[in-house]
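Asker: Next up, model02.cif (mmCIF, C-alpha atoms).
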```
data_run
loop_
_atom_site.label_atom_id
_atom_site.label_comp_id
_atom_site.auth_asym_id
_atom_site.auth_seq_id
_atom_site.Cartn_x
_atom_site.Cartn_y
_atom_site.Cartn_z
CA MET A 1 -41.25 85.94 -32.33
CA ARG A 2 -41.20 86.36 -28.57
CA GLN A 3 -44.68 87.82 -28.64
CA ARG A 4 -45.98 84.96 -30.72
CA GLN A 5 -44.44 82.49 -28.31
CA ALA A 6 -46.05 84.28 -25.39
CA SER A 7 -49.50 84.26 -27.00
CA GLN A 8 -49.11 80.61 -27.88
CA GLY A 9 -48.14 79.88 -24.28
CA ALA A 10 -51.21 81.72 -23.01
CA ARG A 11 -53.49 79.82 -25.38
CA ARG A 12 -51.92 76.56 -24.36
CA ALA A 13 -52.35 77.37 -20.66
CA ARG A 14 -56.01 78.20 -21.25
CA GLU A 15 -56.67 74.99 -23.16
CA PHE A 16 -54.86 72.91 -20.58
CA GLU A 17 -56.74 74.53 -17.71
CA ALA A 18 -60.05 73.81 -19.42
CA PHE A 19 -58.98 70.21 -19.94
CA VAL A 20 -57.97 69.76 -16.30
CA ALA A 21 -61.17 71.38 -15.08
CA GLY A 22 -63.18 68.95 -17.17
CA ALA A 23 -61.23 65.75 -16.71
CA ALA A 24 -59.69 65.91 -13.24
CA GLY A 25 -62.78 64.77 -11.34
CA ARG A 26 -63.32 61.63 -13.35
CA LEU A 27 -59.61 60.77 -13.52
CA LEU A 28 -59.19 61.31 -9.79
CA HIS A 29 -62.12 58.99 -9.17
CA ALA A 30 -60.52 56.35 -11.38
CA ALA A 31 -57.15 56.78 -9.65
CA THR A 32 -58.75 56.49 -6.22
CA LEU A 33 -60.44 53.27 -7.30
CA LEU A 34 -57.09 51.98 -8.56
CA THR A 35 -55.20 52.70 -5.37
CA ALA A 36 -58.16 51.51 -3.24
CA GLU A 37 -58.02 54.47 -0.91
CA ALA A 38 -60.85 56.19 0.91
CA PRO A 39 -62.49 58.92 -1.24
CA ASP A 40 -61.57 61.73 1.14
CA ASP A 41 -58.05 60.58 2.00
CA ASN A 42 -56.23 59.65 -1.20
CA PRO A 43 -52.65 60.97 -1.27
CA ARG A 44 -51.39 58.22 -3.58
CA ALA A 45 -54.19 58.66 -6.08
CA ARG A 46 -53.54 62.40 -6.12
CA ARG A 47 -49.86 61.86 -6.72
CA LEU A 48 -50.60 59.42 -9.53
CA LEU A 49 -53.00 61.86 -11.15
CA THR A 50 -50.60 64.79 -10.72
CA LEU A 51 -47.81 62.91 -12.46
CA ALA A 52 -50.09 61.78 -15.29
CA LEU A 53 -51.44 65.29 -15.86
CA ALA A 54 -47.94 66.78 -15.72
CA HIS A 55 -46.89 64.32 -18.40
CA THR A 56 -49.83 65.40 -20.54
CA TYR A 57 -48.89 69.04 -19.94
CA ALA A 58 -45.34 68.38 -21.08
CA CYS A 59 -46.41 66.80 -24.36
CA TRP A 60 -49.44 69.04 -24.95
CA ASP A 61 -47.94 70.61 -28.08
CA ARG A 62 -47.11 67.26 -29.62
CA LEU A 63 -50.53 65.65 -29.24
CA ARG A 64 -51.47 66.44 -32.87
CA GLY A 65 -55.17 65.79 -32.59
CA GLU A 66 -54.86 62.87 -30.20
CA ASP A 67 -57.28 62.87 -27.29
CA PRO A 68 -55.48 64.25 -24.21
CA TYR A 69 -57.88 62.40 -21.90
CA ASP A 70 -56.98 59.14 -23.56
CA ARG A 71 -53.27 59.91 -23.29
CA THR A 72 -53.55 60.78 -19.59
CA ARG A 73 -55.53 57.62 -18.88
CA GLN A 74 -52.94 55.48 -20.65
CA TYR A 75 -50.11 57.04 -18.69
CA LEU A 76 -52.05 56.63 -15.43
CA ALA A 77 -52.76 52.97 -16.12
CA THR A 78 -49.25 52.00 -17.19
CA ARG A 79 -47.68 53.88 -14.32
CA PHE A 80 -49.99 52.17 -11.85
CA ALA A 81 -49.26 48.78 -13.42
CA ARG A 82 -45.51 49.35 -13.11
CA ALA A 83 -45.70 50.68 -9.56
CA ALA A 84 -48.25 48.19 -8.23
CA TRP A 85 -45.98 45.23 -7.77
CA HIS A 86 -43.61 46.94 -5.39
CA GLN A 87 -46.14 49.15 -3.68
CA TYR A 88 -48.48 46.39 -2.67
CA GLY A 89 -46.07 43.50 -2.54
CA GLY A 90 -44.72 42.82 0.86
CA PHE A 91 -45.21 43.47 4.45
CA GLY A 92 -46.15 46.84 5.84
CA ARG A 93 -46.83 48.29 2.43
CA ALA A 94 -49.95 50.17 1.51
CA ARG A 95 -52.99 48.13 2.41
CA PRO A 96 -56.28 48.74 0.63
CA HIS A 97 -58.53 50.95 2.70
CA PRO A 98 -61.70 49.11 3.75
CA GLY A 99 -63.80 52.12 2.73
CA SER A 100 -62.92 51.63 -0.93
CA PRO A 101 -65.41 49.59 -2.98
CA LEU A 102 -62.58 47.62 -4.62
CA ALA A 103 -60.65 46.91 -1.43
CA ARG A 104 -60.88 43.15 -1.68
CA LEU A 105 -59.45 42.92 -5.20
CA ALA A 106 -55.83 42.56 -6.27
CA PRO A 107 -54.16 45.57 -7.96
CA GLN A 108 -54.28 43.98 -11.41
CA GLU A 109 -57.96 43.10 -11.01
CA ARG A 110 -58.69 46.66 -9.94
CA LEU A 111 -56.78 48.03 -12.92
CA ILE A 112 -58.61 45.88 -15.44
CA LEU A 113 -61.99 46.42 -13.82
CA VAL A 114 -61.54 50.20 -13.79
CA LEU A 115 -60.34 50.32 -17.39
CA ARG A 116 -62.96 47.96 -18.75
CA LEU A 117 -66.07 48.92 -16.80
CA TYR A 118 -65.54 52.33 -15.23
CA GLU A 119 -63.73 53.90 -18.20
CA GLY A 120 -65.32 51.69 -20.85
CA VAL A 121 -62.11 50.87 -22.74
CA ALA A 122 -62.52 47.97 -25.18
CA GLU A 123 -61.10 44.61 -24.21
CA GLU A 124 -58.55 44.56 -27.05
CA GLN A 125 -57.30 48.05 -26.20
CA THR A 126 -56.93 47.16 -22.54
CA ALA A 127 -55.03 44.04 -23.51
CA ALA A 128 -52.72 45.99 -25.80
CA LEU A 129 -52.13 48.65 -23.17
CA LEU A 130 -51.17 46.14 -20.48
CA GLY A 131 -49.40 43.66 -22.75
CA LEU A 132 -51.74 40.76 -21.93
CA PRO A 133 -53.75 38.47 -24.21
CA ALA A 134 -57.35 39.63 -24.66
CA GLU A 135 -58.76 36.36 -23.28
CA ARG A 136 -56.80 36.86 -20.10
CA VAL A 137 -58.24 40.36 -19.70
CA GLY A 138 -61.73 38.95 -20.14
CA THR A 139 -61.10 36.21 -17.59
CA ILE A 140 -59.69 38.59 -15.00
CA CYS A 141 -62.56 41.00 -15.55
CA ASP A 142 -65.15 38.24 -15.04
CA ARG A 143 -63.40 36.96 -11.96
CA ALA A 144 -63.13 40.43 -10.45
CA THR A 145 -66.82 41.06 -11.17
CA ALA A 146 -67.75 37.83 -9.44
CA THR A 147 -65.57 38.62 -6.42
CA LEU A 148 -67.09 42.07 -6.13
CA LEU A 149 -70.71 40.98 -6.43
CA HIS A 150 -70.48 37.80 -4.38
CA PRO A 151 -67.76 38.44 -1.82
CA PRO A 152 -66.27 35.28 -0.39
CA ARG A 153 -67.19 34.72 3.20
CA GLU A 154 -64.70 35.87 5.79
CA PRO A 155 -62.70 33.02 7.24
CA ALA A 156 -64.24 32.02 10.53
CA ARG A 157 -62.58 33.91 13.32
CA THR A 158 -61.42 31.98 16.30
CA VAL A 159 -63.25 33.06 19.39
CA ALA A 160 -61.11 35.25 21.57
CA GLY A 161 -60.57 34.28 25.13
CA PRO A 162 -59.13 31.30 26.92
CA LYS A 163 -60.10 28.02 25.45
CA VAL A 164 -61.56 25.53 27.76
CA ALA A 165 -59.43 22.49 27.61
CA PRO A 166 -61.44 19.34 27.74
CA SER A 167 -60.45 17.38 30.71
CA MET B 1 -78.12 37.68 -13.54
CA ASN B 2 -76.66 38.02 -16.99
CA ARG B 3 -73.47 39.75 -18.02
CA ALA B 4 -74.95 43.18 -18.74
CA GLU B 5 -76.70 43.31 -15.38
CA ARG B 6 -73.55 42.25 -13.57
CA GLU B 7 -71.52 44.91 -15.33
CA ALA B 8 -74.12 47.54 -14.56
CA ALA B 9 -74.08 46.51 -10.90
CA VAL B 10 -70.28 46.77 -10.75
CA ARG B 11 -70.44 50.20 -12.40
CA ARG B 12 -72.94 51.34 -9.80
CA ILE B 13 -70.67 50.11 -7.01
CA MET B 14 -67.68 51.91 -8.48
CA GLU B 15 -69.48 55.19 -9.10
CA ARG B 16 -70.76 55.49 -5.59
CA VAL B 17 -68.61 58.18 -3.93
CA PRO B 18 -66.67 60.56 -6.19
CA PRO B 19 -63.65 62.02 -4.35
CA PRO B 20 -63.41 65.82 -4.16
CA VAL B 21 -60.79 67.35 -6.46
CA PRO B 22 -58.22 69.30 -4.41
CA PRO B 23 -57.99 72.95 -5.53
CA GLU B 24 -54.18 72.99 -5.53
CA LEU B 25 -54.01 70.21 -8.11
CA TYR B 26 -53.77 72.48 -11.15
CA GLY B 27 -50.88 74.55 -9.76
CA GLU B 28 -48.95 71.45 -8.81
CA VAL B 29 -49.53 69.90 -12.25
CA VAL B 30 -48.32 73.01 -14.05
CA ARG B 31 -45.28 73.28 -11.79
CA ARG B 32 -44.26 69.70 -12.43
CA GLY B 33 -45.06 69.87 -16.13
CA THR B 34 -43.02 73.03 -16.58
CA ARG B 35 -40.11 71.44 -14.77
CA MET B 36 -40.36 68.39 -17.01
CA LEU B 37 -40.37 70.58 -20.14
CA ARG B 38 -37.40 72.60 -18.91
CA ARG B 39 -35.43 69.45 -18.22
CA ARG B 40 -36.21 68.08 -21.65
CA THR B 41 -35.09 71.31 -23.31
CA LEU B 42 -31.89 71.25 -21.29
CA ALA B 43 -31.20 67.63 -22.20
CA ARG B 44 -31.81 68.34 -25.88
CA ARG B 45 -29.46 71.31 -25.83
CA LEU B 46 -26.81 69.30 -24.05
CA MET B 47 -27.10 66.55 -26.63
CA TRP B 48 -26.68 68.97 -29.53
CA LEU B 49 -23.72 70.58 -27.81
CA LEU B 50 -22.10 67.19 -27.34
CA LEU B 51 -22.74 66.29 -30.96
CA CYS B 52 -21.16 69.54 -32.21
CA ALA B 53 -18.16 69.11 -29.93
CA ALA B 54 -17.63 65.56 -31.17
CA THR B 55 -17.83 66.69 -34.80
CA VAL B 56 -15.31 69.48 -34.26
CA ALA B 57 -12.96 67.16 -32.41
CA PHE B 58 -13.14 64.60 -35.18
CA LEU B 59 -12.46 67.21 -37.87
CA VAL B 60 -9.46 68.61 -36.01
CA TRP B 61 -8.06 65.13 -35.45
CA ALA B 62 -8.57 64.21 -39.13
CA LEU B 63 -6.81 67.35 -40.32
CA MET B 64 -3.89 66.75 -37.96
CA ALA B 65 -3.47 63.01 -38.52
CA ARG B 66 -4.47 62.86 -42.22
CA PRO B 67 -5.45 59.18 -42.14
CA TRP B 68 -6.14 59.17 -45.91
CA VAL B 69 -2.46 59.82 -46.79
CA GLU B 70 -0.46 56.65 -47.51
CA PRO B 71 2.07 56.20 -44.71
CA PRO B 72 5.76 56.09 -45.72
CA SER B 73 7.00 52.56 -46.33
CA GLN B 74 8.75 50.84 -43.44
CA THR B 75 10.38 47.95 -45.33
CA THR B 76 11.94 49.43 -48.49
CA PRO B 77 14.49 52.16 -47.88
CA PRO B 78 13.89 55.25 -50.00
CA TYR B 79 15.80 55.36 -53.34
CA THR B 80 18.34 58.06 -53.08
CA GLY B 81 21.47 58.87 -55.05
CA TRP B 82 21.16 57.07 -58.41
#
```
Take the structure I supplied and represent it as structure tokens, if you would.
Answerer:
Amino acid sequence: MRQRQASQGARRAREFEAFVAGAAGRLLHAATLLTAEAPDDNPRARRLLTLALAHTYACWDRLRGEDPYDRTRQYLATRFARAAWHQYGGFGRARPHPGSPLARLAPQERLILVLRLYEGVAEEQTAALLGLPAERVGTICDRATATLLHPPREPARTVAGPKVAPS
Amino acid sequence: MNRAEREAAVRRIMERVPPPVPPELYGEVVRRGTRMLRRRTLARRLMWLLLCAATVAFLVWALMARPWVEPPSQTTPPYTGW
């Protein structure tokens, strides 16, 4: 019994290691896009990915033929959606890094854009995952695409220096 | 620019710089996952223990109190001596 358990544990560790080796790069890229951090300095994306993969590890035996990549992605997305509102909300919270391609988008727009276009999840599945109507997902995706491709012009900066008062 | 071209352009923007995967990621994941599993096992055991304790307590109480026995009447005095 003990021996069987041990061999099962070893097999499970091997399978999980192969899965992580294959999926971690792509998932880390997706997480970095979500958190809008620079590619080489992404502590929050790493933390998000670590938690999602640990969750997959914990329910590895109960997957029953379900795709572990899909499961990890779902957990990543829902966790980001839950955490986003208080991590980006107020003052002095994490600001998007300007080096990230999605820096000018809102967290929800980033989430939907990454799920729909980077990961290629269908619109209905994205809607079901996030609890939104499918039309809303489509609208947000279109708007985010437009913002990304045609960035709105920066508001005109006021010229620094003392203003000359007209006399 | 139609929809497919726009989506392809956005994909290209997003796939520009893949971040390097840190080598310590796997160890950290396994450490956290094992901890999660251990906690779940502990919680499950605790729940079973609680359930067993509650069952035993109920059985002992039922055997002591015998709630299915009709209580002696309070209003009519017992018939004695006739």
Asker: Write out, as a Markdown table, each residue of chain B that has an atom at most 6 Å from chain A, together with the closest pair of atoms and their distance in Å to one decimal, counting only C-alpha atoms, rows going by chain and rising number.
Answerer:
```
| residue | atom | partner | partner_atom | distance |
| --- | --- | --- | --- | --- |
| B:Pro18 | CA | A:His29 | CA | 5.7 |
| B:Pro19 | CA | A:Pro39 | CA | 4.5 |
| B:Val21 | CA | A:Gly25 | CA | 5.9 |
| B:Val29 | CA | A:Ala54 | CA | 4.9 |
| B:Arg32 | CA | A:Ala54 | CA | 5.7 |
| B:Gly33 | CA | A:Ala54 | CA | 4.2 |
| B:Leu37 | CA | A:Ala58 | CA | 5.5 |
```
Asker: Just write the chosen residues, C-alpha atoms, as an mmCIF file, in the frame of the given file.
Answerer:
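Resulting contents of out.cif:
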```cif
data_model
loop_
_atom_site.group_PDB
_atom_site.id
_atom_site.type_symbol
_atom_site.label_atom_id
_atom_site.label_comp_id
_atom_site.auth_asym_id
_atom_site.auth_seq_id
_atom_site.Cartn_x
_atom_site.Cartn_y
_atom_site.Cartn_z
ATOM 1 C CA PRO B 18 -66.670 60.560 -6.190
ATOM 2 C CA PRO B 19 -63.650 62.020 -4.350
ATOM 3 C CA VAL B 21 -60.790 67.350 -6.460
ATOM 4 C CA VAL B 29 -49.530 69.900 -12.250
ATOM 5 C CA ARG B 32 -44.260 69.700 -12.430
ATOM 6 C CA GLY B 33 -45.060 69.870 -16.130
ATOM 7 C CA LEU B 37 -40.370 70.580 -20.140
#
```
Asker: Quick check, in Å to one decimal: how far apart do atom CA of Trp61 of chain B and atom CA of Met47 of chain B lie?
Answerer: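 Here the two named atoms are 21.0 Å from each other.
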Asker: Provide an axis-aligned box for all listed atoms of segment 43-50 of chain B, padding each side by 6 Å; report its centre and its edge lengths in Å to one decimal, as AutoDock Vina command-line options.
Answerer:
```
--center_x -27.0 --center_y 68.9 --center_z -25.9 --size_x 21.7 --size_y 16.8 --size_z 19.3
```
Asker: Expressed in Å to a single decimal, how great is the separation between atom CA of Gly131 of chain A and atom CA of Ile112 of chain A?
Answerer: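 Separation between atom CA of Gly131 of chain A and atom CA of Ile112 of chain A: 12.0 Å.
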Asker: What is the atom CA of Glu124 of chain A to atom CA of Thr139 of chain A distance in Å?
Answerer: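 Rounded to one decimal, the two atoms are 12.9 Å apart.
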Asker: Can you tell me which residues surround His150 of chain A at a distance of at most 12 Å, considering all atoms listed in the file, apart from same-chain residues fewer than 6 positions away, and format the answer as an MDAnalysis selection string?
Answerer: (chainID A and resid 104 142:144) or (chainID B and resid 1 6 9:10)
Asker: Could N, CA, C and O atoms be built for segment 26-39 of chain B and written out as a PDB file, in the frame of the given file?
Answerer:
```
ATOM      1  N   TYR B  26     -54.179  71.886  -9.879  1.00  0.00           N
ATOM      2  CA  TYR B  26     -53.770  72.480 -11.150  1.00  0.00           C
ATOM      3  C   TYR B  26     -52.396  73.134 -11.040  1.00  0.00           C
ATOM      4  O   TYR B  26     -51.531  72.934 -11.903  1.00  0.00           O
ATOM      5  N   GLY B  27     -52.181  73.885  -9.938  1.00  0.00           N
ATOM      6  CA  GLY B  27     -50.880  74.550  -9.760  1.00  0.00           C
ATOM      7  C   GLY B  27     -49.745  73.543  -9.692  1.00  0.00           C
ATOM      8  O   GLY B  27     -48.702  73.714 -10.337  1.00  0.00           O
ATOM      9  N   GLU B  28     -49.979  72.485  -8.958  1.00  0.00           N
ATOM     10  CA  GLU B  28     -48.950  71.450  -8.810  1.00  0.00           C
ATOM     11  C   GLU B  28     -48.637  70.794 -10.159  1.00  0.00           C
ATOM     12  O   GLU B  28     -47.474  70.563 -10.512  1.00  0.00           O
ATOM     13  N   VAL B  29     -49.709  70.518 -10.932  1.00  0.00           N
ATOM     14  CA  VAL B  29     -49.530  69.900 -12.250  1.00  0.00           C
ATOM     15  C   VAL B  29     -48.706  70.797 -13.156  1.00  0.00           C
ATOM     16  O   VAL B  29     -47.754  70.353 -13.814  1.00  0.00           O
ATOM     17  N   VAL B  30     -49.047  72.100 -13.167  1.00  0.00           N
ATOM     18  CA  VAL B  30     -48.320  73.010 -14.050  1.00  0.00           C
ATOM     19  C   VAL B  30     -46.874  73.144 -13.612  1.00  0.00           C
ATOM     20  O   VAL B  30     -45.962  73.168 -14.435  1.00  0.00           O
ATOM     21  N   ARG B  31     -46.657  73.159 -12.288  1.00  0.00           N
ATOM     22  CA  ARG B  31     -45.280  73.280 -11.790  1.00  0.00           C
ATOM     23  C   ARG B  31     -44.443  72.087 -12.243  1.00  0.00           C
ATOM     24  O   ARG B  31     -43.369  72.222 -12.806  1.00  0.00           O
ATOM     25  N   ARG B  32     -44.995  70.898 -12.031  1.00  0.00           N
ATOM     26  CA  ARG B  32     -44.260  69.700 -12.430  1.00  0.00           C
ATOM     27  C   ARG B  32     -44.077  69.600 -13.938  1.00  0.00           C
ATOM     28  O   ARG B  32     -43.024  69.217 -14.433  1.00  0.00           O
ATOM     29  N   GLY B  33     -45.141  69.956 -14.668  1.00  0.00           N
ATOM     30  CA  GLY B  33     -45.060  69.870 -16.130  1.00  0.00           C
ATOM     31  C   GLY B  33     -44.034  70.834 -16.685  1.00  0.00           C
ATOM     32  O   GLY B  33     -43.268  70.492 -17.589  1.00  0.00           O
ATOM     33  N   THR B  34     -44.003  72.052 -16.114  1.00  0.00           N
ATOM     34  CA  THR B  34     -43.020  73.030 -16.580  1.00  0.00           C
ATOM     35  C   THR B  34     -41.614  72.542 -16.295  1.00  0.00           C
ATOM     36  O   THR B  34     -40.713  72.680 -17.129  1.00  0.00           O
ATOM     37  N   ARG B  35     -41.444  71.951 -15.114  1.00  0.00           N
ATOM     38  CA  ARG B  35     -40.110  71.440 -14.770  1.00  0.00           C
ATOM     39  C   ARG B  35     -39.697  70.343 -15.743  1.00  0.00           C
ATOM     40  O   ARG B  35     -38.557  70.300 -16.214  1.00  0.00           O
ATOM     41  N   MET B  36     -40.655  69.485 -16.076  1.00  0.00           N
ATOM     42  CA  MET B  36     -40.360  68.390 -17.010  1.00  0.00           C
ATOM     43  C   MET B  36     -39.943  68.951 -18.373  1.00  0.00           C
ATOM     44  O   MET B  36     -38.959  68.499 -18.972  1.00  0.00           O
ATOM     45  N   LEU B  37     -40.700  69.969 -18.841  1.00  0.00           N
ATOM     46  CA  LEU B  37     -40.370  70.580 -20.140  1.00  0.00           C
ATOM     47  C   LEU B  37     -38.990  71.201 -20.114  1.00  0.00           C
ATOM     48  O   LEU B  37     -38.218  71.063 -21.056  1.00  0.00           O
ATOM     49  N   ARG B  38     -38.682  71.914 -18.999  1.00  0.00           N
ATOM     50  CA  ARG B  38     -37.400  72.600 -18.910  1.00  0.00           C
ATOM     51  C   ARG B  38     -36.270  71.579 -18.944  1.00  0.00           C
ATOM     52  O   ARG B  38     -35.264  71.761 -19.621  1.00  0.00           O
ATOM     53  N   ARG B  39     -36.468  70.492 -18.227  1.00  0.00           N
ATOM     54  CA  ARG B  39     -35.430  69.450 -18.220  1.00  0.00           C
ATOM     55  C   ARG B  39     -35.234  68.858 -19.601  1.00  0.00           C
ATOM     56  O   ARG B  39     -34.111  68.599 -20.020  1.00  0.00           O
TER      57      ARG B  39
END
```
